[in-house]
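First the structure, in the form of structure tokens, and then the observations on it.
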Amino acid sequence: MEGLFEVVVFLAIATLGAALARKLGLLAPIVLVVVGLVLSFVPGFPHVRLDPDLVLVGILPPLLYVAALETSVPAFRHNLRPILLLAVGLVLFTAFAVGVVLSVLLPGVPFAVCLALGAVLAPPDAVAATAVARRIGLPRRVVTILEGESLLNDATALVLFRVATVAAVGSAVGVADVSIEVLRSAGGGVLVGAIGAVVFGFVHKRISDPLLDNALSLIIPFAVVFAAEEIHASGVVAVVVTGLALGHKLPVLLSAASRLQVGAVWRLVRFLLEGLVFLLVGLQLPDVLQDLDEPIGRVVGVTAAVLGTIFLARYFWLFPVTYLTRLVPRVRRRDGERKPAKYPLVIGWAGMRGVVTLAAALALPLTVAGGAEYPRALFIWLAFATIVVTLVGQGATLPAVARRLKLPPDDPVQDALSAAGVQQQASRAARERLDALADSAPAPVVDRLRRAVEDRTNLAWEQLGGTERETPSQAYGRLRQEMIDAEREVFRVARDTGRIPEEVLVRAYRDLDLEESLLRREGDR
């Protein structure tokens with residue numbers, strides 16, 4: 001009961017923290033980390049030690065899976081080169097840079113374990129950067145690159161971490177061993193992910209009950225991770241591959257009711273997991289400080305050097321790969337016109353670290369080759385400090401940096417024009433289908449359906465107009481909302497006075513709620 005009570009308390013605090021973040025206009029992970037830091041010093045507050053396996057197997061897979069489900073596969077494929085340069089190249093570059101700096105500052109520590117910490121600190125968080133990017137309205141291509149980087153960089157970092165820790169504890173690691181490990185982790189992850197997409201896509205296709213679709217969707221990331229871990233492959237890669245494949249096929253795999261429910265359930269799961277995990281990060285401060293017995297000057301110096309290395313390494317990598325790759329004619333033709341320096345600047349600033357960094361740091365070996373000790377507590381502190389400084393410092397200032405750089409947003413007129421053109425084609429197809437079936441239904445029904453198609457087409461073209469006056473669709477939505485409120489009140493009073501049973505009220509409210517949701521969606525366009 002005590003453990004359950006603590007979970008409820010943490011979830012309640014995470015929810016209140018997220019509400020506070022929205023009130024203050026801040027990103028929820030930043031607020032929750034700060035709240036966790038404050039609560040860690042409150043006497044008697046529940047103490048929780050973060051379990052690396054819980055994070056890497058229990059929390060990370062569902063977060064990566066839902067992120068992959070929502071990622072556009074065509075956009076991901078179009079930006080695959082910059083994504084891989086960040087998710088693989090930058091992670092390796094940062095890890096080795098941190099490893100070299102640590103080995104210079106701590107000459108008695110083997111380079112392998114320094115490299116392992118570099119791998120821990122290298123990957124930006126899969127949640128924070130893209131959450132900020134979407135909220136502040138960065139260009140769509142920048143958001144896609146950041147999302148793609150966060151989906152794949154954990155896999156690169158964890159593979160390097162595994163190789164480095166094996167070398168640190170004294171096992172011989174050669175080029176062949178590294179190649180086999182990479183092939184098994186990455187190749188095996190792709191294979192397991194592809195099999196998972198085929199198998200679970202087949203099952204989804206044959207399920208008609210939205211509740212069963214929801215249950216299966218929640219099981220998929222864990223099933224894929226466990227299968228990958230069984231053959232020592234990368235569970236991260238497997239989950240991402242399965243999520244991308246199923247997300248691309250969801251329009252034909254799930255019914256409309258299933259898609260609506262699955263989307264709602266995953267929004268709730270992601271909200272709770274993200275809130276809980278960042279709160280727990282802040283609560284780890286007492287544990288991190290407890291074993292830290294290094295001189296304060298050494299701690300400050302090493303921390304500043306590592307943070308500076310992480311920050312500079314991202315820019316030292318970004319600018320050359322952004323502009324030198326354009327010397328290749330094929331790349332230049334594919335990317336179009338040269339992007340200003342403001343683009344790599346804002347992508348570089350979005351390098352916030354998260355819970356995976358701390359979880360991997362806690363998995364560092366207790367001793368290195370020959371049973372020798374090393375400043376493990378200092379390494380864990382470095383991971384914790386990197387999370388707090390990058391998340392709070394860069395995360396809180398990223399909106400201001402983006403505003404100062406004045407990145408041009410995506411053209412809403414062009415988006416609306418494209419949507420209207422496709423909607424007109426869709427309406428034409430709908431009318432043709434209706435004309436083919438018109439003889440099977442009464443004329444008033446057919447006329448009503450034709451008006452509905454015309455309304456959807458008109459709504460799409462209305463988005464091209466200005467916002468200074470109310471459009472016909474907006475007027476319809478405003479008046480229909482008042483009518484729905486009146487209908488709800490009548491049904492509620494009828495239930496309260498005993499004229500209708502509860503079941504009738506539930507059905508009526510469900511239909512009215514669905515209509516109101518559609519009105520709100522159309523009003524937000």
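Here's how to read the names in the structure tokens: chain A, B, ... by the order shown, residue numbers from 1 in each chain, ligand numbers from 1 in the order shown.
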
I'd like the contact shell of Ile13 in chain A - 10 Å cut-off, only C-alpha atoms, skipping same-chain residues fewer than 4 positions apart - returned as a PDB file with N, CA and C atoms, in the first residue's frame.
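After the write, result-v3.pdb holds the following:
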```pdb
ATOM      1  N   VAL A   7       3.169   6.251  -5.577  1.00  0.00           N
ATOM      2  CA  VAL A   7       2.931   6.423  -7.009  1.00  0.00           C
ATOM      3  C   VAL A   7       1.809   7.440  -7.242  1.00  0.00           C
ATOM      4  N   VAL A   8       0.742   7.327  -6.464  1.00  0.00           N
ATOM      5  CA  VAL A   8      -0.379   8.268  -6.602  1.00  0.00           C
ATOM      6  C   VAL A   8       0.067   9.686  -6.275  1.00  0.00           C
ATOM      7  N   VAL A   9       0.882   9.827  -5.227  1.00  0.00           N
ATOM      8  CA  VAL A   9       1.384  11.155  -4.854  1.00  0.00           C
ATOM      9  C   VAL A   9       2.230  11.738  -5.982  1.00  0.00           C
ATOM     10  N   GLY A  17       2.189  19.930 -11.472  1.00  0.00           N
ATOM     11  CA  GLY A  17       3.341  20.598 -12.071  1.00  0.00           C
ATOM     12  C   GLY A  17       3.100  20.945 -13.529  1.00  0.00           C
ATOM     13  N   ALA A  18       2.481  20.021 -14.266  1.00  0.00           N
ATOM     14  CA  ALA A  18       2.162  20.292 -15.669  1.00  0.00           C
ATOM     15  C   ALA A  18       1.157  21.436 -15.786  1.00  0.00           C
ATOM     16  N   ALA A  19       0.182  21.458 -14.884  1.00  0.00           N
ATOM     17  CA  ALA A  19      -0.793  22.559 -14.886  1.00  0.00           C
ATOM     18  C   ALA A  19      -0.104  23.884 -14.587  1.00  0.00           C
ATOM     19  N   LEU A  32       8.876  20.401 -13.779  1.00  0.00           N
ATOM     20  CA  LEU A  32       8.843  19.198 -12.956  1.00  0.00           C
ATOM     21  C   LEU A  32      10.224  18.836 -12.419  1.00  0.00           C
ATOM     22  N   VAL A  35      10.655  21.220  -9.562  1.00  0.00           N
ATOM     23  CA  VAL A  35       9.801  20.785  -8.449  1.00  0.00           C
ATOM     24  C   VAL A  35      10.428  19.580  -7.746  1.00  0.00           C
ATOM     25  N   GLY A  36      10.957  18.630  -8.528  1.00  0.00           N
ATOM     26  CA  GLY A  36      11.614  17.478  -7.934  1.00  0.00           C
ATOM     27  C   GLY A  36      12.834  17.869  -7.124  1.00  0.00           C
ATOM     28  N   GLY A 275       5.580  13.303 -17.177  1.00  0.00           N
ATOM     29  CA  GLY A 275       5.540  14.026 -15.910  1.00  0.00           C
ATOM     30  C   GLY A 275       6.222  13.265 -14.798  1.00  0.00           C
ATOM     31  N   LEU A 276       5.951  11.969 -14.714  1.00  0.00           N
ATOM     32  CA  LEU A 276       6.532  11.156 -13.657  1.00  0.00           C
ATOM     33  C   LEU A 276       8.043  11.067 -13.786  1.00  0.00           C
ATOM     34  N   LEU A 279       9.887  14.361 -12.887  1.00  0.00           N
ATOM     35  CA  LEU A 279       9.805  14.573 -11.441  1.00  0.00           C
ATOM     36  C   LEU A 279      10.806  13.678 -10.711  1.00  0.00           C
TER      37      LEU A 279
END
```

When you look at range 358-372 of chain A with a cut-off of 10 Å (counting only C-alpha atoms), what residues show up, excluding the ones that are within fewer than 6 positions of it in the same chain? I need them as a PDB file with N, CA and C atoms, in the first residue's frame.
```pdb
ATOM      1  N   LEU A  50      16.023   5.850  -8.596  1.00  0.00           N
ATOM      2  CA  LEU A  50      15.693   5.541  -9.985  1.00  0.00           C
ATOM      3  C   LEU A  50      16.369   4.245 -10.412  1.00  0.00           C
ATOM      4  N   ASP A  51      15.583   3.329 -10.946  1.00  0.00           N
ATOM      5  CA  ASP A  51      16.091   2.045 -11.413  1.00  0.00           C
ATOM      6  C   ASP A  51      16.380   2.148 -12.912  1.00  0.00           C
ATOM      7  N   PRO A  52      17.628   1.925 -13.335  1.00  0.00           N
ATOM      8  CA  PRO A  52      17.935   2.042 -14.770  1.00  0.00           C
ATOM      9  C   PRO A  52      17.090   1.127 -15.643  1.00  0.00           C
ATOM     10  N   ASP A  53      16.847  -0.114 -15.196  1.00  0.00           N
ATOM     11  CA  ASP A  53      16.045  -1.040 -15.996  1.00  0.00           C
ATOM     12  C   ASP A  53      14.616  -0.547 -16.151  1.00  0.00           C
ATOM     13  N   LEU A  54      14.085   0.083 -15.091  1.00  0.00           N
ATOM     14  CA  LEU A  54      12.722   0.614 -15.166  1.00  0.00           C
ATOM     15  C   LEU A  54      12.628   1.682 -16.250  1.00  0.00           C
ATOM     16  N   VAL A  55      13.653   2.524 -16.336  1.00  0.00           N
ATOM     17  CA  VAL A  55      13.645   3.594 -17.327  1.00  0.00           C
ATOM     18  C   VAL A  55      13.836   3.041 -18.731  1.00  0.00           C
ATOM     19  N   LEU A  56      14.872   2.200 -18.909  1.00  0.00           N
ATOM     20  CA  LEU A  56      15.253   1.751 -20.241  1.00  0.00           C
ATOM     21  C   LEU A  56      14.283   0.724 -20.818  1.00  0.00           C
ATOM     22  N   VAL A 109      41.936   7.629 -14.660  1.00  0.00           N
ATOM     23  CA  VAL A 109      40.730   6.881 -15.030  1.00  0.00           C
ATOM     24  C   VAL A 109      40.906   6.327 -16.436  1.00  0.00           C
ATOM     25  N   PRO A 110      40.630   5.023 -16.644  1.00  0.00           N
ATOM     26  CA  PRO A 110      40.775   4.439 -17.987  1.00  0.00           C
ATOM     27  C   PRO A 110      39.906   5.167 -19.013  1.00  0.00           C
ATOM     28  N   ALA A 112      38.316   3.959 -21.462  1.00  0.00           N
ATOM     29  CA  ALA A 112      37.087   3.232 -21.807  1.00  0.00           C
ATOM     30  C   ALA A 112      35.914   3.684 -20.957  1.00  0.00           C
ATOM     31  N   VAL A 113      36.146   3.863 -19.654  1.00  0.00           N
ATOM     32  CA  VAL A 113      35.029   4.284 -18.803  1.00  0.00           C
ATOM     33  C   VAL A 113      34.713   5.759 -19.029  1.00  0.00           C
ATOM     34  N   ALA A 116      32.537   5.645 -21.924  1.00  0.00           N
ATOM     35  CA  ALA A 116      31.201   5.182 -21.533  1.00  0.00           C
ATOM     36  C   ALA A 116      30.363   6.342 -21.013  1.00  0.00           C
ATOM     37  N   LEU A 117      30.972   7.210 -20.201  1.00  0.00           N
ATOM     38  CA  LEU A 117      30.227   8.381 -19.728  1.00  0.00           C
ATOM     39  C   LEU A 117      29.935   9.327 -20.891  1.00  0.00           C
ATOM     40  N   GLY A 118      30.876   9.454 -21.835  1.00  0.00           N
ATOM     41  CA  GLY A 118      30.597  10.263 -23.013  1.00  0.00           C
ATOM     42  C   GLY A 118      29.382   9.774 -23.766  1.00  0.00           C
ATOM     43  N   ALA A 119      29.245   8.448 -23.879  1.00  0.00           N
ATOM     44  CA  ALA A 119      28.062   7.877 -24.531  1.00  0.00           C
ATOM     45  C   ALA A 119      26.804   8.177 -23.733  1.00  0.00           C
ATOM     46  N   VAL A 120      26.928   8.204 -22.419  1.00  0.00           N
ATOM     47  CA  VAL A 120      25.791   8.515 -21.553  1.00  0.00           C
ATOM     48  C   VAL A 120      25.318   9.950 -21.771  1.00  0.00           C
ATOM     49  N   LEU A 121      26.270  10.866 -21.914  1.00  0.00           N
ATOM     50  CA  LEU A 121      25.931  12.287 -21.992  1.00  0.00           C
ATOM     51  C   LEU A 121      25.602  12.759 -23.400  1.00  0.00           C
ATOM     52  N   ALA A 157      23.858   5.693 -28.710  1.00  0.00           N
ATOM     53  CA  ALA A 157      24.528   5.895 -27.426  1.00  0.00           C
ATOM     54  C   ALA A 157      24.577   4.620 -26.607  1.00  0.00           C
ATOM     55  N   LEU A 158      23.494   3.855 -26.577  1.00  0.00           N
ATOM     56  CA  LEU A 158      23.458   2.645 -25.761  1.00  0.00           C
ATOM     57  C   LEU A 158      24.362   1.559 -26.329  1.00  0.00           C
ATOM     58  N   PHE A 161      27.778   2.688 -25.360  1.00  0.00           N
ATOM     59  CA  PHE A 161      27.908   2.506 -23.913  1.00  0.00           C
ATOM     60  C   PHE A 161      28.189   1.045 -23.569  1.00  0.00           C
ATOM     61  N   ARG A 162      27.490   0.148 -24.256  1.00  0.00           N
ATOM     62  CA  ARG A 162      27.689  -1.280 -23.986  1.00  0.00           C
ATOM     63  C   ARG A 162      29.097  -1.713 -24.360  1.00  0.00           C
ATOM     64  N   THR A 165      31.666  -0.098 -21.791  1.00  0.00           N
ATOM     65  CA  THR A 165      31.666  -0.694 -20.457  1.00  0.00           C
ATOM     66  C   THR A 165      32.285  -2.085 -20.470  1.00  0.00           C
ATOM     67  N   VAL A 166      32.079  -2.828 -21.551  1.00  0.00           N
ATOM     68  CA  VAL A 166      32.733  -4.141 -21.664  1.00  0.00           C
ATOM     69  C   VAL A 166      34.248  -3.971 -21.671  1.00  0.00           C
ATOM     70  N   ALA A 167      34.735  -2.969 -22.415  1.00  0.00           N
ATOM     71  CA  ALA A 167      36.171  -2.702 -22.441  1.00  0.00           C
ATOM     72  C   ALA A 167      36.656  -2.197 -21.089  1.00  0.00           C
ATOM     73  N   ALA A 168      35.834  -1.418 -20.395  1.00  0.00           N
ATOM     74  CA  ALA A 168      36.249  -0.830 -19.118  1.00  0.00           C
ATOM     75  C   ALA A 168      36.456  -1.883 -18.034  1.00  0.00           C
ATOM     76  N   VAL A 169      35.663  -2.945 -18.063  1.00  0.00           N
ATOM     77  CA  VAL A 169      35.795  -3.974 -17.025  1.00  0.00           C
ATOM     78  C   VAL A 169      36.880  -4.981 -17.351  1.00  0.00           C
ATOM     79  N   GLY A 170      37.573  -4.795 -18.477  1.00  0.00           N
ATOM     80  CA  GLY A 170      38.756  -5.599 -18.740  1.00  0.00           C
ATOM     81  C   GLY A 170      38.651  -6.584 -19.865  1.00  0.00           C
ATOM     82  N   SER A 171      37.501  -6.671 -20.528  1.00  0.00           N
ATOM     83  CA  SER A 171      37.365  -7.608 -21.639  1.00  0.00           C
ATOM     84  C   SER A 171      38.008  -7.013 -22.891  1.00  0.00           C
ATOM     85  N   VAL A 281      13.584  12.505 -11.877  1.00  0.00           N
ATOM     86  CA  VAL A 281      14.948  12.990 -12.116  1.00  0.00           C
ATOM     87  C   VAL A 281      15.331  14.011 -11.053  1.00  0.00           C
ATOM     88  N   GLN A 284      16.249  12.711  -7.549  1.00  0.00           N
ATOM     89  CA  GLN A 284      17.467  11.914  -7.376  1.00  0.00           C
ATOM     90  C   GLN A 284      18.620  12.709  -6.769  1.00  0.00           C
ATOM     91  N   VAL A 288      22.441  11.422  -5.556  1.00  0.00           N
ATOM     92  CA  VAL A 288      23.612  11.814  -6.341  1.00  0.00           C
ATOM     93  C   VAL A 288      24.665  12.465  -5.445  1.00  0.00           C
ATOM     94  N   PHE A 379      30.950  10.714 -11.844  1.00  0.00           N
ATOM     95  CA  PHE A 379      30.378  10.491 -13.172  1.00  0.00           C
ATOM     96  C   PHE A 379      28.854  10.605 -13.132  1.00  0.00           C
ATOM     97  N   ILE A 380      28.243  10.050 -12.078  1.00  0.00           N
ATOM     98  CA  ILE A 380      26.780  10.136 -11.956  1.00  0.00           C
ATOM     99  C   ILE A 380      26.371  11.595 -11.739  1.00  0.00           C
ATOM    100  N   TRP A 381      27.150  12.317 -10.946  1.00  0.00           N
ATOM    101  CA  TRP A 381      26.881  13.743 -10.766  1.00  0.00           C
ATOM    102  C   TRP A 381      26.950  14.494 -12.099  1.00  0.00           C
ATOM    103  N   LEU A 382      27.939  14.174 -12.913  1.00  0.00           N
ATOM    104  CA  LEU A 382      28.076  14.839 -14.205  1.00  0.00           C
ATOM    105  C   LEU A 382      26.842  14.607 -15.074  1.00  0.00           C
ATOM    106  N   ALA A 383      26.318  13.387 -15.036  1.00  0.00           N
ATOM    107  CA  ALA A 383      25.105  13.095 -15.803  1.00  0.00           C
ATOM    108  C   ALA A 383      23.932  13.908 -15.271  1.00  0.00           C
ATOM    109  N   PHE A 384      23.791  13.954 -13.937  1.00  0.00           N
ATOM    110  CA  PHE A 384      22.692  14.698 -13.330  1.00  0.00           C
ATOM    111  C   PHE A 384      22.812  16.187 -13.626  1.00  0.00           C
ATOM    112  N   ALA A 385      24.011  16.728 -13.486  1.00  0.00           N
ATOM    113  CA  ALA A 385      24.219  18.154 -13.732  1.00  0.00           C
ATOM    114  C   ALA A 385      23.956  18.501 -15.195  1.00  0.00           C
ATOM    115  N   THR A 386      24.341  17.607 -16.101  1.00  0.00           N
ATOM    116  CA  THR A 386      24.102  17.843 -17.527  1.00  0.00           C
ATOM    117  C   THR A 386      22.613  17.927 -17.821  1.00  0.00           C
ATOM    118  N   ILE A 387      21.832  17.039 -17.215  1.00  0.00           N
ATOM    119  CA  ILE A 387      20.383  17.065 -17.419  1.00  0.00           C
ATOM    120  C   ILE A 387      19.797  18.382 -16.926  1.00  0.00           C
TER     121      ILE A 387
END
```

Residue neighbourhood Val306 in chain A, 9 Å, only C-alpha atoms, exclusion window fewer than 2 positions, as number ranges by chain: A: 98, 101-102, 301-304, 308-311, 382, 386

Could you save the residues just selected, with N, CA, C and O atoms, as an mmCIF file, in the first residue's frame?
```cif
data_model
loop_
_atom_site.group_PDB
_atom_site.id
_atom_site.type_symbol
_atom_site.label_atom_id
_atom_site.label_comp_id
_atom_site.auth_asym_id
_atom_site.auth_seq_id
_atom_site.Cartn_x
_atom_site.Cartn_y
_atom_site.Cartn_z
ATOM 1 N N VAL A 98 33.879 14.097 -25.105
ATOM 2 C CA VAL A 98 33.764 14.060 -23.650
ATOM 3 C C VAL A 98 34.760 13.068 -23.058
ATOM 4 O O VAL A 98 35.391 13.335 -22.019
ATOM 5 N N VAL A 101 38.243 14.679 -23.015
ATOM 6 C CA VAL A 101 38.346 15.727 -21.993
ATOM 7 C C VAL A 101 38.428 15.107 -20.603
ATOM 8 O O VAL A 101 39.245 15.519 -19.765
ATOM 9 N N LEU A 102 37.609 14.110 -20.328
ATOM 10 C CA LEU A 102 37.635 13.461 -19.017
ATOM 11 C C LEU A 102 38.957 12.747 -18.768
ATOM 12 O O LEU A 102 39.500 12.786 -17.655
ATOM 13 N N GLY A 301 35.160 22.257 -11.570
ATOM 14 C CA GLY A 301 35.990 22.344 -12.757
ATOM 15 C C GLY A 301 35.651 21.291 -13.790
ATOM 16 O O GLY A 301 35.508 21.595 -14.981
ATOM 17 N N VAL A 302 35.516 20.035 -13.345
ATOM 18 C CA VAL A 302 35.192 18.953 -14.277
ATOM 19 C C VAL A 302 33.801 19.148 -14.860
ATOM 20 O O VAL A 302 33.574 18.933 -16.058
ATOM 21 N N THR A 303 32.856 19.565 -14.020
ATOM 22 C CA THR A 303 31.483 19.788 -14.507
ATOM 23 C C THR A 303 31.450 20.871 -15.579
ATOM 24 O O THR A 303 30.815 20.708 -16.633
ATOM 25 N N ALA A 304 32.137 21.975 -15.317
ATOM 26 C CA ALA A 304 32.150 23.066 -16.297
ATOM 27 C C ALA A 304 32.813 22.628 -17.600
ATOM 28 O O ALA A 304 32.332 22.956 -18.698
ATOM 29 N N GLY A 308 30.792 22.419 -21.110
ATOM 30 C CA GLY A 308 31.295 23.191 -22.235
ATOM 31 C C GLY A 308 31.598 22.320 -23.439
ATOM 32 O O GLY A 308 31.320 22.699 -24.592
ATOM 33 N N THR A 309 32.154 21.136 -23.192
ATOM 34 C CA THR A 309 32.463 20.209 -24.288
ATOM 35 C C THR A 309 31.190 19.756 -24.995
ATOM 36 O O THR A 309 31.124 19.724 -26.234
ATOM 37 N N ILE A 310 30.177 19.414 -24.218
ATOM 38 C CA ILE A 310 28.909 18.965 -24.803
ATOM 39 C C ILE A 310 28.286 20.069 -25.655
ATOM 40 O O ILE A 310 27.819 19.829 -26.777
ATOM 41 N N PHE A 311 28.289 21.276 -25.127
ATOM 42 C CA PHE A 311 27.675 22.398 -25.840
ATOM 43 C C PHE A 311 28.428 22.717 -27.132
ATOM 44 O O PHE A 311 27.825 22.866 -28.205
ATOM 45 N N LEU A 382 27.939 14.174 -12.913
ATOM 46 C CA LEU A 382 28.076 14.839 -14.205
ATOM 47 C C LEU A 382 26.842 14.607 -15.074
ATOM 48 O O LEU A 382 26.378 15.512 -15.770
ATOM 49 N N THR A 386 24.341 17.607 -16.101
ATOM 50 C CA THR A 386 24.102 17.843 -17.527
ATOM 51 C C THR A 386 22.613 17.927 -17.821
ATOM 52 O O THR A 386 22.156 18.790 -18.588
#
```

Ranking A:Gly393, A:Leu512, A:Val100, A:Val163 by minimum distance to Ile484 in chain A and counting only C-alpha atoms, which one comes first? A:Leu512

Within 12 Å of range 210-220 of chain A, which residues of range 259-313 of chain A show up? Give each one with its shortest atom-to-atom distance in Å (one decimal) and the two atoms involved, counting only C-alpha atoms, rows by chain then rising residue number, as a Markdown table.
```
| residue | atom | partner | partner_atom | distance |
| --- | --- | --- | --- | --- |
| A:Arg259 | CA | A:Pro210 | CA | 8.0 |
| A:Leu260 | CA | A:Pro210 | CA | 8.8 |
| A:Gln261 | CA | A:Pro210 | CA | 6.8 |
| A:Val262 | CA | A:Asn214 | CA | 5.3 |
| A:Gly263 | CA | A:Asn214 | CA | 9.0 |
| A:Ala264 | CA | A:Asn214 | CA | 9.7 |
| A:Val265 | CA | A:Asn214 | CA | 7.4 |
| A:Trp266 | CA | A:Leu218 | CA | 8.2 |
| A:Arg267 | CA | A:Leu218 | CA | 11.9 |
| A:Leu268 | CA | A:Leu218 | CA | 11.8 |
| A:Val269 | CA | A:Leu218 | CA | 9.2 |
| A:Arg270 | CA | A:Leu218 | CA | 11.3 |
```

Thr325 in chain A surroundings by only C-alpha atoms, 12 Å radius, close-in-sequence under 4 positions cut, as a list of chain:residue names: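 Residues near the query, excluding close chain neighbours: A:Arg81, A:Pro82, A:Leu85, A:Trp317, A:Leu318, A:Phe319, A:Pro320, A:Val321, A:Pro329, A:Arg330, A:Val331, A:Arg332, A:Arg333, A:Arg334, A:Asp335, A:Arg338.
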
If you count only C-alpha atoms, the residue of A:Gly201, A:Pro375, A:Pro251, A:Gly351 closest to Ala396 in chain A turns out to be A:Gly351

Long-range neighbours of Asn79 in chain A as a PyMOL selection string, 9 Å cut-off, only C-alpha atoms, 2 positions minimum in chain: chain A and resi 74-77+81-84+141+144-145+148

Write a file of the selected residues as a PDB file, in the first residue's frame, keeping N, CA and C atoms.
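The resulting file, selection18.pdb, is shown below:
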```pdb
ATOM      1  N   PRO A  74       7.227   9.818 -44.626  1.00  0.00           N
ATOM      2  CA  PRO A  74       7.800  10.517 -45.788  1.00  0.00           C
ATOM      3  C   PRO A  74       8.748  11.642 -45.380  1.00  0.00           C
ATOM      4  N   ALA A  75       8.373  12.440 -44.365  1.00  0.00           N
ATOM      5  CA  ALA A  75       9.261  13.512 -43.908  1.00  0.00           C
ATOM      6  C   ALA A  75      10.520  12.945 -43.280  1.00  0.00           C
ATOM      7  N   PHE A  76      10.386  11.864 -42.534  1.00  0.00           N
ATOM      8  CA  PHE A  76      11.547  11.201 -41.922  1.00  0.00           C
ATOM      9  C   PHE A  76      12.497  10.705 -43.001  1.00  0.00           C
ATOM     10  N   ARG A  77      11.942  10.087 -44.041  1.00  0.00           N
ATOM     11  CA  ARG A  77      12.767   9.558 -45.121  1.00  0.00           C
ATOM     12  C   ARG A  77      13.447  10.698 -45.886  1.00  0.00           C
ATOM     13  N   ARG A  81      19.223  11.902 -44.106  1.00  0.00           N
ATOM     14  CA  ARG A  81      20.653  12.235 -44.043  1.00  0.00           C
ATOM     15  C   ARG A  81      20.974  13.124 -42.842  1.00  0.00           C
ATOM     16  N   PRO A  82      20.318  14.298 -42.653  1.00  0.00           N
ATOM     17  CA  PRO A  82      20.627  15.089 -41.459  1.00  0.00           C
ATOM     18  C   PRO A  82      20.273  14.391 -40.155  1.00  0.00           C
ATOM     19  N   ILE A  83      19.222  13.567 -40.177  1.00  0.00           N
ATOM     20  CA  ILE A  83      18.850  12.837 -38.969  1.00  0.00           C
ATOM     21  C   ILE A  83      19.955  11.863 -38.561  1.00  0.00           C
ATOM     22  N   LEU A  84      20.471  11.104 -39.527  1.00  0.00           N
ATOM     23  CA  LEU A  84      21.537  10.146 -39.213  1.00  0.00           C
ATOM     24  C   LEU A  84      22.829  10.857 -38.836  1.00  0.00           C
ATOM     25  N   ARG A 141      10.455  21.361 -40.935  1.00  0.00           N
ATOM     26  CA  ARG A 141      11.645  20.551 -41.220  1.00  0.00           C
ATOM     27  C   ARG A 141      12.567  20.484 -39.996  1.00  0.00           C
ATOM     28  N   THR A 144      11.027  18.005 -37.620  1.00  0.00           N
ATOM     29  CA  THR A 144      11.231  16.633 -38.101  1.00  0.00           C
ATOM     30  C   THR A 144      12.643  16.151 -37.820  1.00  0.00           C
ATOM     31  N   ILE A 145      13.637  17.014 -38.033  1.00  0.00           N
ATOM     32  CA  ILE A 145      15.023  16.626 -37.777  1.00  0.00           C
ATOM     33  C   ILE A 145      15.239  16.362 -36.293  1.00  0.00           C
ATOM     34  N   GLY A 148      13.468  13.080 -35.426  1.00  0.00           N
ATOM     35  CA  GLY A 148      14.209  11.931 -35.932  1.00  0.00           C
ATOM     36  C   GLY A 148      15.477  11.683 -35.144  1.00  0.00           C
TER      37      GLY A 148
END
```
